[in-house]
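Novice: First the structure, then my questions, so here it is.
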Amino acid sequence: MMEDIAMHILEILMNSIKAGASLIILRITDSLDQDVIKIEIIDDGKGMSEEMAAKAADPFTTSRTTRKIGLGLSFMKGLAETCNGTFKIDSQLGVGTTVTATVQKLNIDTPELGDIGEILMESIQSNGDIDYEFDYITDVNAFHFDTKMIRETLDGVSLLLPEILLWIKDYINQGIEQAKEEDTQ
Amino acid sequence: MKSLEDLKKMRESALKKVEMREGGKTYRIVVGMATCGIAAGARPVLNRLVEETAKNDYDCLVTQTGCIGMCTYEPIVEVYDKDGNHTTYVHVDPHRAVRILQEHVGQGHVIEKFTVEAARKAEGNV
């Protein structure tokens, strides 16, 4: 299930959605120069107390009531530790949560980035009211995506129409590919 | 190449479609996307549903829901027709997803053998 980095990110995005965020920012810094991939997920959801944030990456900690295990953050922490990276949760009750993970880009244990367009499409689809910003930053280039801009262009038409969701997925993946290409030139 | 211009065109055609639709009613397809659904393979099903709906211009919306308490039957796809009738399809894979669109949404025929009732009957568990 967790075969690429995108899958880990999807789990954290789902946490942000459940935390009642109205804006979720995903920022991926993909640097060959520094040999690091940095992933930041920033939300304005309900946040966590200091005590909860400190143990949130423990698999036997969860805010849900259906069962006492939560794996999203603990898996991401595991990924960072396996891939010679770092992991951090900053959270404040009533303000929001920021999850930051890094992995070594050229580490043999670092998985593929995966289909970022697809996980963003799936997150957008699960709740049409949340706004997303996405940045993909390489050493020489950057791609920016913002659902607010899409909403303005659509002017009242829903983001959740299948053809528009597909467009979002392709547009994001195209942006990532372009930023990568120019990086290798 | 995808550009923001595409969005404007999609907006126009979406508005036309809404005008043509009688009483604003449409099919609604709901995919269970909780951990149980995703583990059983709901993501490829959801993606195929979105792709096929867009490609063939089916008159339906594809949405997500959480766990509906029948984890052993995941991936589960629920279809609500224009009159609010509700069908629960179980053990759906991308291939079945395409058939559900073609036969149920396209032609209005429920595919009985893919439903939860048929699955329970086969298990002798009615």
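Identifiers in this document derive from the order of the structure tokens: chains are assigned A, B, ..., residues are numbered from 1 separately in each chain, and ligands are numbered from 1 in order of occurrence.
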Could the residues of chain B that have an atom at most 10 Å from chain A be listed as CSV, each with its closest atom pair and the distance in Å to one decimal, counting only C-alpha atoms and ordered by chain and ascending residue number?

Specialist:
```
residue,atom,partner,partner_atom,distance
B:Met1,CA,A:Gln174,CA,7.7
B:Lys2,CA,A:Tyr171,CA,5.6
B:Ser3,CA,A:Tyr171,CA,7.4
B:Leu4,CA,A:Thr153,CA,8.0
B:Glu5,CA,A:Thr153,CA,9.1
B:Asp6,CA,A:Trp167,CA,8.4
B:Leu7,CA,A:Leu154,CA,6.8
B:Lys8,CA,A:Thr153,CA,6.6
B:Lys9,CA,A:Leu154,CA,9.4
B:Met10,CA,A:Ile164,CA,7.3
B:Arg11,CA,A:Leu154,CA,5.7
B:Glu12,CA,A:Leu154,CA,8.9
B:Ala14,CA,A:Val157,CA,7.3
B:Leu15,CA,A:Val157,CA,7.4
B:Val18,CA,A:Val157,CA,9.9
B:Met33,CA,A:Ser126,CA,8.6
B:Ala34,CA,A:Met14,CA,9.8
B:Thr35,CA,A:Glu11,CA,9.5
B:Ile38,CA,A:Met1,CA,8.4
B:Ala39,CA,A:Met1,CA,6.8
B:Ala40,CA,A:Met1,CA,9.7
B:Gly41,CA,A:Met1,CA,9.3
B:Arg43,CA,A:Glu122,CA,8.5
B:Leu46,CA,A:Glu122,CA,8.6
B:Asn47,CA,A:Glu118,CA,8.3
B:Leu49,CA,A:Pro162,CA,8.6
B:Val50,CA,A:Pro162,CA,5.1
B:Glu51,CA,A:Leu166,CA,6.9
B:Glu52,CA,A:Pro162,CA,8.8
B:Thr53,CA,A:Pro162,CA,6.4
B:Ala54,CA,A:Glu163,CA,4.7
B:Lys55,CA,A:Glu163,CA,7.8
B:Asp57,CA,A:Glu163,CA,8.6
B:Tyr58,CA,A:Pro162,CA,9.5
B:Cys60,CA,A:Pro162,CA,8.6
B:Leu61,CA,A:Leu161,CA,6.5
B:Val62,CA,A:Pro162,CA,7.0
B:Thr63,CA,A:Gln125,CA,6.6
B:Gln64,CA,A:Ser126,CA,5.5
B:Thr65,CA,A:Ser126,CA,7.4
B:Gly66,CA,A:Ser126,CA,9.4
```

Novice: Kindly export the residues of the current selection with N, CA and C atoms, as a tab-separated table (two decimals), in the first residue's frame.

Specialist:
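Full text of selection.tsv as output:
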```
chain	number	residue	atom	x	y	z
B	1	MET	N	-0.96	19.02	-24.06
B	1	MET	CA	-0.70	20.04	-23.05
B	1	MET	C	-2.00	20.55	-22.42
B	2	LYS	N	-2.04	20.55	-21.10
B	2	LYS	CA	-3.21	21.06	-20.39
B	2	LYS	C	-2.97	22.55	-20.10
B	3	SER	N	-3.96	23.37	-20.40
B	3	SER	CA	-3.80	24.78	-20.08
B	3	SER	C	-5.07	25.30	-19.40
B	4	LEU	N	-4.96	26.48	-18.82
B	4	LEU	CA	-6.12	27.05	-18.14
B	4	LEU	C	-7.26	27.35	-19.11
B	5	GLU	N	-6.89	27.50	-20.40
B	5	GLU	CA	-7.93	27.70	-21.42
B	5	GLU	C	-8.90	26.52	-21.46
B	6	ASP	N	-8.34	25.28	-21.27
B	6	ASP	CA	-9.20	24.08	-21.26
B	6	ASP	C	-10.33	24.23	-20.26
B	7	LEU	N	-9.98	24.82	-19.10
B	7	LEU	CA	-10.97	24.93	-18.03
B	7	LEU	C	-12.16	25.77	-18.46
B	8	LYS	N	-11.87	26.83	-19.20
B	8	LYS	CA	-12.97	27.71	-19.65
B	8	LYS	C	-13.91	26.94	-20.57
B	9	LYS	N	-13.31	26.14	-21.45
B	9	LYS	CA	-14.15	25.33	-22.36
B	9	LYS	C	-14.97	24.31	-21.57
B	10	MET	N	-14.32	23.67	-20.58
B	10	MET	CA	-15.04	22.67	-19.78
B	10	MET	C	-16.19	23.32	-19.01
B	11	ARG	N	-15.95	24.57	-18.59
B	11	ARG	CA	-16.99	25.29	-17.87
B	11	ARG	C	-18.22	25.49	-18.76
B	12	GLU	N	-17.96	25.95	-20.01
B	12	GLU	CA	-19.06	26.16	-20.96
B	12	GLU	C	-19.86	24.89	-21.18
B	14	ALA	N	-20.03	22.23	-19.33
B	14	ALA	CA	-20.71	21.79	-18.11
B	14	ALA	C	-22.01	22.57	-17.92
B	15	LEU	N	-21.97	23.85	-18.20
B	15	LEU	CA	-23.18	24.67	-18.04
B	15	LEU	C	-24.26	24.23	-19.03
B	18	VAL	N	-25.93	21.07	-17.77
B	18	VAL	CA	-26.86	21.31	-16.67
B	18	VAL	C	-28.19	21.83	-17.22
B	33	MET	N	-13.94	5.00	0.39
B	33	MET	CA	-12.50	5.29	0.36
B	33	MET	C	-11.91	5.36	1.76
B	34	ALA	N	-12.43	4.55	2.68
B	34	ALA	CA	-11.77	4.45	3.99
B	34	ALA	C	-10.58	3.51	3.85
B	35	THR	N	-9.86	3.30	4.94
B	35	THR	CA	-8.68	2.42	4.90
B	35	THR	C	-9.02	1.04	4.34
B	38	ILE	N	-9.51	1.31	0.53
B	38	ILE	CA	-8.24	1.58	-0.16
B	38	ILE	C	-7.37	0.32	-0.15
B	39	ALA	N	-7.33	-0.37	1.00
B	39	ALA	CA	-6.52	-1.59	1.10
B	39	ALA	C	-7.03	-2.65	0.13
B	40	ALA	N	-8.34	-2.68	-0.10
B	40	ALA	CA	-8.93	-3.70	-0.98
B	40	ALA	C	-8.82	-3.30	-2.45
B	41	GLY	N	-8.40	-2.08	-2.73
B	41	GLY	CA	-8.22	-1.67	-4.13
B	41	GLY	C	-9.21	-0.64	-4.63
B	43	ARG	N	-8.79	2.62	-4.84
B	43	ARG	CA	-8.23	3.76	-5.58
B	43	ARG	C	-8.26	3.53	-7.09
B	46	LEU	N	-11.87	3.97	-8.20
B	46	LEU	CA	-12.29	5.37	-8.22
B	46	LEU	C	-11.71	6.09	-9.45
B	47	ASN	N	-10.42	5.85	-9.69
B	47	ASN	CA	-9.78	6.52	-10.82
B	47	ASN	C	-10.38	6.10	-12.15
B	49	LEU	N	-13.43	5.02	-12.62
B	49	LEU	CA	-14.78	5.60	-12.71
B	49	LEU	C	-14.70	7.05	-13.20
B	50	VAL	N	-13.76	7.81	-12.62
B	50	VAL	CA	-13.62	9.22	-13.01
B	50	VAL	C	-13.22	9.31	-14.50
B	51	GLU	N	-12.24	8.48	-14.89
B	51	GLU	CA	-11.74	8.53	-16.26
B	51	GLU	C	-12.82	8.16	-17.27
B	52	GLU	N	-13.52	7.05	-17.00
B	52	GLU	CA	-14.53	6.58	-17.95
B	52	GLU	C	-15.72	7.54	-18.02
B	53	THR	N	-16.08	8.10	-16.88
B	53	THR	CA	-17.20	9.04	-16.87
B	53	THR	C	-16.87	10.26	-17.73
B	54	ALA	N	-15.64	10.75	-17.58
B	54	ALA	CA	-15.24	11.93	-18.36
B	54	ALA	C	-15.14	11.57	-19.84
B	55	LYS	N	-14.57	10.41	-20.12
B	55	LYS	CA	-14.32	10.01	-21.51
B	55	LYS	C	-15.64	9.80	-22.27
B	57	ASP	N	-18.65	10.79	-21.22
B	57	ASP	CA	-19.65	11.80	-20.97
B	57	ASP	C	-20.90	11.24	-20.30
B	58	TYR	N	-20.74	10.29	-19.37
B	58	TYR	CA	-21.90	9.78	-18.63
B	58	TYR	C	-22.46	10.88	-17.76
B	60	CYS	N	-23.23	11.51	-14.70
B	60	CYS	CA	-23.17	11.14	-13.28
B	60	CYS	C	-22.01	11.84	-12.58
B	61	LEU	N	-22.15	11.89	-11.25
B	61	LEU	CA	-21.09	12.45	-10.41
B	61	LEU	C	-20.45	11.31	-9.64
B	62	VAL	N	-19.13	11.34	-9.51
B	62	VAL	CA	-18.43	10.32	-8.74
B	62	VAL	C	-17.94	10.96	-7.45
B	63	THR	N	-18.35	10.39	-6.32
B	63	THR	CA	-17.92	10.96	-5.04
B	63	THR	C	-17.36	9.87	-4.13
B	64	GLN	N	-16.91	10.28	-2.95
B	64	GLN	CA	-16.31	9.34	-2.00
B	64	GLN	C	-17.08	9.31	-0.70
B	65	THR	N	-16.96	8.20	0.00
B	65	THR	CA	-17.47	8.14	1.36
B	65	THR	C	-16.48	7.38	2.22
B	66	GLY	N	-16.74	7.30	3.51
B	66	GLY	CA	-15.85	6.57	4.41
B	66	GLY	C	-16.26	5.11	4.50
```

Novice: Compile the contact shell of Ile37 in chain A as a PDB file with N, CA and C atoms, in the first residue's frame: residues with an atom at most 6 Å away, counting only C-alpha atoms, same-chain residues fewer than 2 positions apart removed.

Specialist:
```pdb
ATOM      1  N   THR A  29       9.890  20.050  -2.060  1.00  0.00           N
ATOM      2  CA  THR A  29      11.146  20.615  -2.544  1.00  0.00           C
ATOM      3  C   THR A  29      12.030  19.445  -2.947  1.00  0.00           C
ATOM      4  N   ASP A  30      12.360  19.384  -4.219  1.00  0.00           N
ATOM      5  CA  ASP A  30      13.055  18.225  -4.777  1.00  0.00           C
ATOM      6  C   ASP A  30      14.414  18.720  -5.270  1.00  0.00           C
ATOM      7  N   THR A 102      11.724  14.971   5.603  1.00  0.00           N
ATOM      8  CA  THR A 102      12.708  14.984   4.526  1.00  0.00           C
ATOM      9  C   THR A 102      13.227  13.569   4.336  1.00  0.00           C
ATOM     10  N   VAL A 103      13.647  13.289   3.113  1.00  0.00           N
ATOM     11  CA  VAL A 103      14.351  12.036   2.830  1.00  0.00           C
ATOM     12  C   VAL A 103      15.566  12.372   1.972  1.00  0.00           C
ATOM     13  N   LYS A 105      17.481  12.167  -1.235  1.00  0.00           N
ATOM     14  CA  LYS A 105      16.974  11.896  -2.587  1.00  0.00           C
ATOM     15  C   LYS A 105      17.628  10.665  -3.215  1.00  0.00           C
TER      16      LYS A 105
END
```

Novice: Enumerate, as a PDB file with N, CA and C atoms, in the first residue's frame, the complete set of residues in range 3-118 of chain B that a backbone-based DSSP assignment places in strand (DSSP E).

Specialist:
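Saved file states.pdb follows:
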```
ATOM      1  N   TYR B  27     -27.245  10.723 -12.018  1.00  0.00           N
ATOM      2  CA  TYR B  27     -26.755   9.569 -11.259  1.00  0.00           C
ATOM      3  C   TYR B  27     -25.650  10.021 -10.310  1.00  0.00           C
ATOM      4  N   ARG B  28     -25.546   9.327  -9.189  1.00  0.00           N
ATOM      5  CA  ARG B  28     -24.465   9.613  -8.260  1.00  0.00           C
ATOM      6  C   ARG B  28     -23.788   8.286  -7.900  1.00  0.00           C
ATOM      7  N   ILE B  29     -22.484   8.228  -8.074  1.00  0.00           N
ATOM      8  CA  ILE B  29     -21.736   7.022  -7.743  1.00  0.00           C
ATOM      9  C   ILE B  29     -20.839   7.332  -6.551  1.00  0.00           C
ATOM     10  N   VAL B  30     -20.930   6.493  -5.517  1.00  0.00           N
ATOM     11  CA  VAL B  30     -20.173   6.744  -4.296  1.00  0.00           C
ATOM     12  C   VAL B  30     -19.217   5.576  -4.042  1.00  0.00           C
ATOM     13  N   VAL B  31     -17.940   5.897  -3.895  1.00  0.00           N
ATOM     14  CA  VAL B  31     -16.933   4.862  -3.679  1.00  0.00           C
ATOM     15  C   VAL B  31     -16.460   4.926  -2.222  1.00  0.00           C
ATOM     16  N   GLY B  32     -16.416   3.789  -1.563  1.00  0.00           N
ATOM     17  CA  GLY B  32     -15.926   3.730  -0.176  1.00  0.00           C
ATOM     18  C   GLY B  32     -14.418   3.888  -0.162  1.00  0.00           C
ATOM     19  N   CYS B  60     -23.233  11.514 -14.699  1.00  0.00           N
ATOM     20  CA  CYS B  60     -23.172  11.137 -13.284  1.00  0.00           C
ATOM     21  C   CYS B  60     -22.010  11.837 -12.585  1.00  0.00           C
ATOM     22  N   LEU B  61     -22.145  11.886 -11.254  1.00  0.00           N
ATOM     23  CA  LEU B  61     -21.091  12.450 -10.413  1.00  0.00           C
ATOM     24  C   LEU B  61     -20.445  11.306  -9.643  1.00  0.00           C
ATOM     25  N   VAL B  62     -19.130  11.343  -9.508  1.00  0.00           N
ATOM     26  CA  VAL B  62     -18.431  10.319  -8.745  1.00  0.00           C
ATOM     27  C   VAL B  62     -17.941  10.959  -7.453  1.00  0.00           C
ATOM     28  N   THR B  63     -18.346  10.390  -6.317  1.00  0.00           N
ATOM     29  CA  THR B  63     -17.915  10.965  -5.040  1.00  0.00           C
ATOM     30  C   THR B  63     -17.362   9.871  -4.126  1.00  0.00           C
ATOM     31  N   GLN B  64     -16.913  10.284  -2.947  1.00  0.00           N
ATOM     32  CA  GLN B  64     -16.310   9.335  -2.004  1.00  0.00           C
ATOM     33  C   GLN B  64     -17.083   9.306  -0.702  1.00  0.00           C
ATOM     34  N   THR B  65     -16.961   8.198  -0.003  1.00  0.00           N
ATOM     35  CA  THR B  65     -17.469   8.140   1.357  1.00  0.00           C
ATOM     36  C   THR B  65     -16.477   7.377   2.219  1.00  0.00           C
ATOM     37  N   VAL B  77     -19.044   0.031  -4.289  1.00  0.00           N
ATOM     38  CA  VAL B  77     -19.476   1.172  -5.095  1.00  0.00           C
ATOM     39  C   VAL B  77     -20.997   1.245  -5.000  1.00  0.00           C
ATOM     40  N   GLU B  78     -21.506   2.386  -4.566  1.00  0.00           N
ATOM     41  CA  GLU B  78     -22.951   2.559  -4.485  1.00  0.00           C
ATOM     42  C   GLU B  78     -23.420   3.455  -5.625  1.00  0.00           C
ATOM     43  N   VAL B  79     -24.517   3.052  -6.240  1.00  0.00           N
ATOM     44  CA  VAL B  79     -25.080   3.848  -7.333  1.00  0.00           C
ATOM     45  C   VAL B  79     -26.460   4.348  -6.908  1.00  0.00           C
ATOM     46  N   TYR B  80     -26.640   5.663  -6.973  1.00  0.00           N
ATOM     47  CA  TYR B  80     -27.951   6.278  -6.731  1.00  0.00           C
ATOM     48  C   TYR B  80     -28.468   6.757  -8.082  1.00  0.00           C
ATOM     49  N   HIS B  86     -31.228   2.985  -4.887  1.00  0.00           N
ATOM     50  CA  HIS B  86     -29.867   2.818  -4.406  1.00  0.00           C
ATOM     51  C   HIS B  86     -29.438   1.355  -4.584  1.00  0.00           C
ATOM     52  N   THR B  87     -28.315   1.150  -5.241  1.00  0.00           N
ATOM     53  CA  THR B  87     -27.787  -0.199  -5.466  1.00  0.00           C
ATOM     54  C   THR B  87     -26.377  -0.265  -4.884  1.00  0.00           C
ATOM     55  N   THR B  88     -26.072  -1.341  -4.166  1.00  0.00           N
ATOM     56  CA  THR B  88     -24.735  -1.505  -3.595  1.00  0.00           C
ATOM     57  C   THR B  88     -23.999  -2.618  -4.336  1.00  0.00           C
ATOM     58  N   TYR B  89     -22.941  -2.245  -5.035  1.00  0.00           N
ATOM     59  CA  TYR B  89     -22.101  -3.226  -5.714  1.00  0.00           C
ATOM     60  C   TYR B  89     -20.885  -3.534  -4.846  1.00  0.00           C
TER      61      TYR B  89
END
```

Novice: Can you tell me, as a list in words, what residues are no more than 7 Å from Phe134 in chain A when counting only C-alpha atoms, ignoring any on the same chain fewer than 5 positions away?

Specialist: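 Counting only the stated atoms, we get Ile25, Leu26, Arg27, His144, Phe145 and Asp146 of chain A.
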
Novice: Would you mind exporting the chosen residues as a PDB file, in the first residue's frame, restricted to N, CA, C and O atoms?

Specialist:
```
ATOM      1  N   ILE A  25      -1.897  23.148   2.324  1.00  0.00           N
ATOM      2  CA  ILE A  25      -0.771  23.465   1.443  1.00  0.00           C
ATOM      3  C   ILE A  25       0.183  22.268   1.416  1.00  0.00           C
ATOM      4  O   ILE A  25       0.618  21.798   2.469  1.00  0.00           O
ATOM      5  N   LEU A  26       0.473  21.795   0.215  1.00  0.00           N
ATOM      6  CA  LEU A  26       1.475  20.737   0.055  1.00  0.00           C
ATOM      7  C   LEU A  26       2.647  21.338  -0.698  1.00  0.00           C
ATOM      8  O   LEU A  26       2.482  21.903  -1.778  1.00  0.00           O
ATOM      9  N   ARG A  27       3.827  21.237  -0.091  1.00  0.00           N
ATOM     10  CA  ARG A  27       5.015  21.801  -0.735  1.00  0.00           C
ATOM     11  C   ARG A  27       6.081  20.717  -0.811  1.00  0.00           C
ATOM     12  O   ARG A  27       6.464  20.148   0.214  1.00  0.00           O
ATOM     13  N   HIS A 144       3.478  25.952  -9.474  1.00  0.00           N
ATOM     14  CA  HIS A 144       2.507  26.329  -8.448  1.00  0.00           C
ATOM     15  C   HIS A 144       1.090  26.014  -8.925  1.00  0.00           C
ATOM     16  O   HIS A 144       0.740  26.274 -10.065  1.00  0.00           O
ATOM     17  N   PHE A 145       0.309  25.437  -8.026  1.00  0.00           N
ATOM     18  CA  PHE A 145      -1.083  25.115  -8.337  1.00  0.00           C
ATOM     19  C   PHE A 145      -1.941  25.606  -7.186  1.00  0.00           C
ATOM     20  O   PHE A 145      -1.559  25.487  -6.014  1.00  0.00           O
ATOM     21  N   ASP A 146      -3.109  26.142  -7.508  1.00  0.00           N
ATOM     22  CA  ASP A 146      -3.955  26.725  -6.469  1.00  0.00           C
ATOM     23  C   ASP A 146      -5.423  26.523  -6.856  1.00  0.00           C
ATOM     24  O   ASP A 146      -5.856  26.983  -7.916  1.00  0.00           O
TER      25      ASP A 146
END
```

Novice: May I have the residues within 10 Å of Ala80 in chain A as a VMD selection string, using only C-alpha atoms and disregarding those fewer than 3 positions away in the same chain?

Specialist: chain A and resid 38 74 to 77 83 to 88 100 to 104 109 to 110

Novice: Using all heavy atoms, can you export the residues from the last selection as a compact mmCIF listing (two decimals), in the first residue's frame?

Specialist:
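Done, and the output landed in result-v7.txt:
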```
# COMPACT_ATOMS: atom_id res chain seq x y z
N LYS A 38 12.09 17.33 0.34
CA LYS A 38 11.42 17.83 1.55
C LYS A 38 9.93 17.92 1.28
O LYS A 38 9.52 18.46 0.26
CB LYS A 38 11.99 19.21 1.89
CG LYS A 38 11.44 19.82 3.15
CD LYS A 38 12.18 21.12 3.40
CE LYS A 38 11.65 21.90 4.56
NZ LYS A 38 12.22 23.25 4.57
N SER A 74 2.91 7.75 11.75
CA SER A 74 3.99 6.84 12.16
C SER A 74 4.67 6.24 10.93
O SER A 74 5.89 6.06 10.92
CB SER A 74 3.48 5.76 13.10
OG SER A 74 2.33 5.16 12.61
N PHE A 75 3.90 5.96 9.89
CA PHE A 75 4.52 5.45 8.66
C PHE A 75 5.43 6.50 8.03
O PHE A 75 6.50 6.20 7.54
CB PHE A 75 3.44 5.04 7.64
CG PHE A 75 2.90 3.66 7.86
CD1 PHE A 75 1.88 3.18 7.04
CD2 PHE A 75 3.38 2.84 8.86
CE1 PHE A 75 1.36 1.90 7.23
CE2 PHE A 75 2.88 1.56 9.05
CZ PHE A 75 1.86 1.09 8.24
N MET A 76 4.96 7.75 8.04
CA MET A 76 5.77 8.79 7.41
C MET A 76 7.06 9.02 8.21
O MET A 76 8.13 9.22 7.62
CB MET A 76 4.99 10.09 7.30
CG MET A 76 5.70 11.10 6.44
SD MET A 76 4.55 12.28 5.79
CE MET A 76 5.07 12.54 4.15
N LYS A 77 6.94 8.96 9.51
CA LYS A 77 8.13 9.08 10.35
C LYS A 77 9.10 7.92 10.04
O LYS A 77 10.31 8.12 9.90
CB LYS A 77 7.73 9.05 11.83
CG LYS A 77 8.87 9.26 12.79
CD LYS A 77 8.35 9.49 14.21
CE LYS A 77 9.49 9.75 15.16
NZ LYS A 77 9.53 8.78 16.25
N CYS A 83 15.10 6.56 5.34
CA CYS A 83 15.74 7.18 4.17
C CYS A 83 16.68 8.32 4.58
O CYS A 83 16.85 9.28 3.82
CB CYS A 83 14.69 7.67 3.19
SG CYS A 83 13.53 6.39 2.73
N ASN A 84 17.24 8.23 5.78
CA ASN A 84 18.25 9.18 6.21
C ASN A 84 17.73 10.62 6.25
O ASN A 84 18.43 11.55 5.87
CB ASN A 84 19.48 9.06 5.27
CG ASN A 84 20.71 9.68 5.87
OD1 ASN A 84 20.80 9.87 7.08
ND2 ASN A 84 21.67 10.02 5.01
N GLY A 85 16.49 10.77 6.70
CA GLY A 85 15.88 12.10 6.69
C GLY A 85 15.46 12.55 8.08
O GLY A 85 15.95 12.05 9.09
N THR A 86 14.55 13.51 8.10
CA THR A 86 14.07 14.07 9.36
C THR A 86 12.55 14.11 9.35
O THR A 86 11.92 14.06 8.30
CB THR A 86 14.57 15.51 9.54
OG1 THR A 86 14.06 16.30 8.45
CG2 THR A 86 16.09 15.59 9.53
N PHE A 87 11.94 14.24 10.54
CA PHE A 87 10.49 14.27 10.64
C PHE A 87 10.09 15.19 11.79
O PHE A 87 10.69 15.14 12.87
CB PHE A 87 9.95 12.86 10.90
CG PHE A 87 8.46 12.82 11.04
CD1 PHE A 87 7.64 12.79 9.92
CD2 PHE A 87 7.86 12.81 12.30
CE1 PHE A 87 6.25 12.75 10.04
CE2 PHE A 87 6.48 12.79 12.43
CZ PHE A 87 5.68 12.74 11.30
N LYS A 88 9.09 16.03 11.54
CA LYS A 88 8.72 17.01 12.57
C LYS A 88 7.23 17.33 12.47
O LYS A 88 6.69 17.45 11.36
CB LYS A 88 9.54 18.28 12.34
CG LYS A 88 9.52 19.25 13.49
CD LYS A 88 10.53 20.37 13.31
CE LYS A 88 10.17 21.22 12.13
NZ LYS A 88 10.54 22.60 12.14
N THR A 100 6.42 18.12 8.55
CA THR A 100 7.57 18.28 7.67
C THR A 100 8.40 17.01 7.71
O THR A 100 8.81 16.56 8.77
CB THR A 100 8.45 19.47 8.12
OG1 THR A 100 7.62 20.60 8.32
CG2 THR A 100 9.50 19.80 7.06
N ALA A 101 8.64 16.44 6.53
CA ALA A 101 9.49 15.25 6.46
C ALA A 101 10.52 15.46 5.37
O ALA A 101 10.22 16.08 4.34
CB ALA A 101 8.65 14.01 6.16
N THR A 102 11.72 14.97 5.60
CA THR A 102 12.71 14.98 4.53
C THR A 102 13.23 13.57 4.34
O THR A 102 13.21 12.76 5.26
CB THR A 102 13.92 15.90 4.83
OG1 THR A 102 14.62 15.37 5.96
CG2 THR A 102 13.49 17.32 5.13
N VAL A 103 13.65 13.29 3.11
CA VAL A 103 14.35 12.04 2.83
C VAL A 103 15.57 12.37 1.97
O VAL A 103 15.59 13.41 1.29
CB VAL A 103 13.45 11.01 2.08
CG1 VAL A 103 12.32 10.52 2.95
CG2 VAL A 103 12.92 11.59 0.77
N GLN A 104 16.56 11.50 2.02
CA GLN A 104 17.72 11.70 1.15
C GLN A 104 17.32 11.27 -0.26
O GLN A 104 16.85 10.16 -0.45
CB GLN A 104 18.90 10.86 1.67
CG GLN A 104 20.17 11.13 0.91
CD GLN A 104 21.28 10.16 1.30
OE1 GLN A 104 21.11 9.30 2.15
NE2 GLN A 104 22.42 10.30 0.64
N ASP A 109 17.03 3.44 -0.21
CA ASP A 109 15.73 3.10 0.37
C ASP A 109 14.63 4.12 0.05
O ASP A 109 13.47 3.89 0.38
CB ASP A 109 15.86 2.98 1.90
CG ASP A 109 16.63 1.72 2.27
OD1 ASP A 109 16.35 0.67 1.69
OD2 ASP A 109 17.51 1.81 3.15
N THR A 110 14.99 5.24 -0.56
CA THR A 110 13.98 6.25 -0.86
C THR A 110 13.12 5.79 -2.05
O THR A 110 13.65 5.54 -3.12
CB THR A 110 14.65 7.60 -1.18
OG1 THR A 110 15.36 8.03 -0.01
CG2 THR A 110 13.63 8.65 -1.57
```

Novice: Could you give me the residues within range 46-124 of chain B that DSSP places in alpha helix (DSSP H), as a ChimeraX atom specification?

Specialist: /B:46-56,94-99,116-122

Novice: Taking into account only C-alpha atoms, which residue in the set A:Glu3, A:Asp131, A:Asp58, A:Glu181 is nearest to Leu73 in chain A?

Specialist: A:Asp58

Novice: Would you mind reading off the distance between CA of Asn141 in chain A and CA of Pro111 in chain A, one decimal, in Å?

Specialist: 22.2 Å

Novice: Distance CA of Lys148 in chain A-CA of Ser22 in chain A, one decimal place?

Specialist: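 Those two atoms sit 11.5 Å apart.
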
Novice: If we count only C-alpha atoms and set the cut-off at 6 Å, which residues sit around Pro94 in chain B, ignoring sequence neighbours fewer than 3 positions away in its own chain? Please answer as a VMD selection string.

Specialist: chain B and resid 45 48 97

Novice: Store the residues of this selection in a file with N, CA and C atoms, as a CSV table (one decimal), in the first residue's frame.

Specialist:
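Writing the result to out.csv gives the following:
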```
chain,number,residue,atom,x,y,z
B,45,VAL,N,-10.3,1.7,-8.7
B,45,VAL,CA,-11.7,1.7,-9.1
B,45,VAL,C,-12.2,3.2,-9.2
B,48,ARG,N,-10.7,4.8,-12.3
B,48,ARG,CA,-11.3,4.3,-13.5
B,48,ARG,C,-12.7,4.9,-13.7
B,97,ALA,N,-16.1,-1.9,-12.6
B,97,ALA,CA,-16.5,-0.4,-12.6
B,97,ALA,C,-17.0,0.0,-13.9
```

Novice: Please determine, counting only C-alpha atoms, which residue among A:Leu93, A:Leu13, A:Leu23, A:Leu32 has the shortest atom-to-atom distance to Met52 in chain A.

Specialist: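 Ranked by minimum distance to Met52 in chain A, first place goes to A:Leu93.
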
Novice: What's around range 112-118 of chain B at 12 Å? Count only C-alpha atoms, leave out sequence neighbours fewer than 3 positions away in its own chain, and write the answer as a PyMOL selection string.

Specialist: chain B and resi 70-79+86-93+95-97+99-100+103-104+109+121-126

Novice: Would you kindly return, as an NGL selection string, each protein, DNA or RNA residue with an atom no farther than 9 Å from any atom of Ile130 in chain A, considering only C-alpha atoms and excluding same-chain residues fewer than 6 positions away?

Specialist: :A and (17 or 20-24 or 124 or 147)

Novice: How would the residues just picked look written out with C-alpha atoms as an mmCIF file, in the first residue's frame?

Specialist:
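This is the output file result.cif:
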```cif
data_model
loop_
_atom_site.group_PDB
_atom_site.id
_atom_site.type_symbol
_atom_site.label_atom_id
_atom_site.label_comp_id
_atom_site.auth_asym_id
_atom_site.auth_seq_id
_atom_site.Cartn_x
_atom_site.Cartn_y
_atom_site.Cartn_z
ATOM 1 C CA ILE A 17 -9.260 16.887 5.929
ATOM 2 C CA GLY A 20 -11.529 20.336 9.421
ATOM 3 C CA ALA A 21 -8.976 22.314 7.415
ATOM 4 C CA SER A 22 -10.246 24.890 4.930
ATOM 5 C CA LEU A 23 -6.828 25.332 3.290
ATOM 6 C CA ILE A 24 -4.199 22.645 2.838
ATOM 7 C CA ILE A 124 -9.925 17.362 -3.653
ATOM 8 C CA THR A 147 -7.589 25.585 -6.379
#
```

Novice: Select, from A:Asp44, A:Val140, A:Tyr132, A:Asn15, the residue with the minimum atom-to-atom distance to Gly70 in chain A, counting only C-alpha atoms.

Specialist: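 Closest to Gly70 in chain A of all the choices is A:Asn15.
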